[in-house]
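Structure first, commentary second.
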Amino acid sequence: MSRPPPPPPTTNKDQQHQNPSLQEINIKLIQSGEKERLKELLRERLLECGWIDEMKALCRAFTRKKGRNNVTVDDLVHVISPKGRASVPNSVKAELLQRIRAFLASTAD
Amino acid sequence: MSSKINGHVSPQPCPHLLVFRSRNGPKPFRALQDCIRVKPPGGRAAIRREPTEVPRCGTCEESSRSRLYACVACAAVFCHAPLLHSHASDHSLSIPGHEIAVDVDRAELFCCACGDQVYDRDFDAAVVLAQTVNATATTSTSGSTAMQCSVAGSQPENLRKRRRVDYRPWEPDSGEHISRGNQSIPLLDAANASLVSSTQQPWGLRGLNNLGNTCFMNSILQALLHTPPLRNYFLGDRHNRYYCQQKNGAINGTKNSRLCLACDMDALFSAVFSGDRTPYSPAKFLYSWWQHAANLASYEQQDAHEFFISMLEGIHEKVEKDKRKSQSPAGSGDCCIAHRVFSGILRSDVMCMVCGFTSTTYDPCVDISLDLEPNQGGSGKSSSAKSLNSFNVEADCMRPNQNCGISTLKGCLERFTRAEKLGSDQKLFCQKCQVRQESLKQMSIRKLPLVSCFHVKRFEHSSIRKMSRKVDRYLQFPFSLDMAPYLSSSILRSRFGNRIFPFDGDEQDASNDLSTEFELFAVVTHSGRLDAGHYVTYLRLSNQWYKCEDAWITQVNESIVRAAQGYMMFYVQKVLYYKESENQGTS
């Protein structure tokens, strides 16, 4: 297995001290392990409110309609994503947003 | 589109995967396995070259995409969002042989050309093994595992301190409005009032006299008398005692041939459902049972659970002898009414910790015996009964946010179906490694019976310390129980996730929800000490609870039942329960 060259490091250090980009926030979240914790929290909330069951049911209905052997992962992701995003309860969004804000505040340079 | 290997269904590989395999030897994903990282809190498997690697798309350098795939051929990482920009697809199209990739956050193989998930046995087994090793490595002395944490929904609802979804009261839609109007009858209709009379006791409630420490027998009999399928069988004259005796008398004139516990049950049903409310003495039944279980024939108090098992065996033996049928498969319940009602099938998976090979066995069972959680403080001391309000910090309440202290039936079932690492002194022979290896064992339910009987192991007999003790700890049990999480299909799905499902092709999908929901209808409780105790049965008829204490039957509030010390709990499949509580006749 040959390795591709590593990507060039992010430049523009001035920008970092002002509003951090999505990219930078994401890296901070991943490196501290917070992203994994947030994902786990999100999974639990979505399970509790029945969102996951709803999505499963939608996937099943879609698969039944198209036929089990005519459906790919990409098809399902394409069909489910808009419905999924639209039906996340506001309380869940708010809670996660709050967590992320708190995390960023606590790790501000 | 799928083939069976050793009874396991695995999807047919796509042409790109086939080509990849043919080019890269028998274990094309071997190097990838070294990059499997399992991290708490969820115990999910991810693919990282170094543990601290932040994956980033090689083309657009974005690390915040929701789907990032690493090409298995060259280890380059790309993002994949088919309709917006899929640099993974671009890569697979640009270099032939680079179609197979792995989702870096889910450790799942993917074919970028087909746009669909693909499977490799060895790789999936390696992921599961890594997750299992990680889970057991972080286990505390008595149990909670990271693997459990990753199984969302495995925690008992009442132990989770989480905010719930806002309550929204139900409002009928227009269709429901109409059908409500059409098919409803007023409750206080004068013509129907005579049917609904709360002062009269329901059918089949009759006290059983204690014949000398026989409350162990009376308590079980009361439960069996109101086990819906069993009740229907005998009241439906499916075992007619006169006909049976006549037949036996003709075949073999000796006294022993007339021993038939099913006939005695038939007589008992007739007596109890006759309408006569005076307490009944099941002397004939006791005598017959003594003949069947000679070692237990005495006036000493016996274990109700032992009696239950020996009774079922008794019914099975006699009926089988009569029918002279060819041996039906174990657990199918075709042999006798006792097994038809109570027999289920347990599945036991033993996985070798070294190579991941799993051997599976099926065993029939008529009930499930559950251990209560070990008490942290007590060793040899019998703990006194705990009230609902006192909390004990249990050893396996290491999970955060768990309401420690109350043992629940669901908790016991979870522990029963939890993957358990067998000690190093219990190494089992692995067929693949050809030596004894440390193993992981997991139980699950392959087939649910019509009636699930749960037996709580409250009596501990230690031959080492030559003493027995009773565990009085309170166990909370629900009135409605969904057994779906403990089925083999659920347990395996949670173990393997989106990997090859090691199901037999003919296994029922859990979409058949009706048959996993159970309703509690009888609770046998034990109070007092091990050597001087008393059995009482609570019966649930038409959603009313009745306390059956030998000859005395009284209506009680459900809170009494909830607070009682459950020893054996009987649950019947919900469809059978609701059917039986309609049109309860009164006498």
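Here's how to read the names in the structure tokens: chain A, B, ... by the order shown, residue numbers from 1 in each chain, ligand numbers from 1 in the order shown.
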>> Would you pick out the contacts of B:Trp552 at 8 Å or less, using only C-alpha atoms, so that residues sharing its chain but fewer than 6 positions from it are not included, and give the list as a count of residues only?
In response: 3
>> Just want the 8 Å neighbourhood of stretch 65-80 of chain A, counted on only C-alpha atoms, with same-chain residues fewer than 5 positions away dropped. Output as a ChimeraX atom specification.
In response: /A:55,58-59 /B:1,82,114-117
>> From the options B:Arg562, B:His316, B:Arg529, B:Arg473, which residue's atoms come nearest to B:Trp545, counting only C-alpha atoms?
In response: B:Arg562
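Atom pair atom CA of A:Val92 / atom CA of A:Lys39: separated by 11.9 Å.
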